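*Asks:* Have a look at the structure that comes next, please.
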Amino acid sequence: MTIIFATIMIMILSLDPVDAQVDDEKLPDIRFEGGIEIVGSTSGGSFDGTPGDVLTIIVKVVNDGSAPAENVDVRLLVDGVKKKVSTLRTIKNDTDDVKTVIFSWVAEAGTHNLTIEIDPENSVIEPNDQFAGVNDNVLSRNVTIEGTSIIPFPGITWIFVSLISVLAFSIWKRNKMNLPPR
Ligand SMILES: [Ca+2]
Ligand SMILES: [Ca+2]
């Protein structure tokens, strides 16, 4: 019984490395073609938009690996918050097969970070997935939206609220102390 078990274990252990081997010759390698393009802004000059503008965020994706890629998620994050996901059914391993991904985002006042990630859950195996720090699947840029936010100076607002609270407490305390004895 022990011999049979040991034999099976040896067989499993000797088979495992073969199964785990990844064929490096036939993998997709998805990357961005160019940067993040923004259109639809009503403002010009140094600003990317005004609050309420529906901005169109465009990226182009290609696969210059040696195998086609299927069901590739492309995700938009604004200030680190996941906003939208678009799934590309197939990207041929041909740099002429450029896929365009379009997101829309309602502009909010201030400076924001837009990040686009290809294959964020890493469900497509690519040659450069294994190298930490080498990531051609992430693209980022800042946008500046002209105009003021609802709370223009959060710091000053908090100081003001604190002062009001202290004042209210001292008035309450004074009134309490002045109450006639029962
Ligand atoms: Ca890649
Ligand atoms: Ca990947």
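Order determines the names: the first chain of the structure tokens is A, the second B, and so forth; residues in each chain are numbered 1 upward, and ligands are numbered 1 upward as they are shown.
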Could you list, as a VMD selection string, every residue within 9 Å of range 51-57 of chain A, counting only C-alpha atoms and ignoring same-chain residues fewer than 4 positions away?

*Replies:* chain A and resid 36 to 42 101 to 110 145 to 149

*Asks:* Can you tell me which residues sit at most 10 Å away from ligand 1, counting only C-alpha atoms and all ligand atoms, written as a PyMOL selection string?

*Replies:* chain A and resi 28-32+61-65+118-119+122+124-129+134-138

*Asks:* Which residue out of A:Gln130, A:Thr90, A:Thr50, A:Thr144 has the minimum interatomic distance to ligand 2 when only C-alpha atoms and all ligand atoms are used?

*Replies:*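 When distances to ligand 2 are compared using only C-alpha atoms and all ligand atoms, the smallest one comes from A:Gln130.
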
*Asks:* DSSP on the backbone: what in range 80-132 of chain A comes out strand (DSSP E), as a VMD selection string?

*Replies:* chain A and resid 81 to 91 99 to 106 110 to 118

*Asks:* My list of candidates is A:Asn142, A:Thr95, A:Asn71, A:Ser86. Which is closest to ligand 2 when distances are computed with only C-alpha atoms and all ligand atoms?

*Replies:* A:Asn71

*Asks:* Which one is closest to ligand 2: A:Ala67, A:Ala168, A:Ile58, A:Val72? Count only C-alpha atoms and all ligand atoms.

*Replies:*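 Looking at the shortest contact to ligand 2, the residue is A:Val72.
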
*Asks:* Looking only at helix (DSSP H, G or I) from DSSP on the backbone, list the matching residues of range 74-167 of chain A as number ranges by chain.

*Replies:* A: 127-130, 154-167

*Asks:* To one decimal place, how far is CA of Ser66 in chain A from CA of Asp94 in chain A in Å?

*Replies:*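 CA of Ser66 in chain A sits 8.5 Å away from CA of Asp94 in chain A.
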
*Asks:* Which residue gives the smallest distance to Glu70 in chain A among A:Asn93, A:Lys84, A:Phe47, A:Thr115, with only C-alpha atoms counted?

*Replies:*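 Nearest to Glu70 in chain A: A:Asn93.
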
*Asks:* For a test of reading the model, state the distance in Å between CA of Ser123 in chain A and CA of Val59 in chain A, rounded to one decimal.

*Replies:* 20.1 Å

*Asks:* Nearest to ligand 2 among A:Val81, A:Glu121, A:Asn178, A:Val98, with distances taken over only C-alpha atoms and all ligand atoms: which residue is it?

*Replies:*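 Looking at the shortest contact to ligand 2, the residue is A:Glu121.
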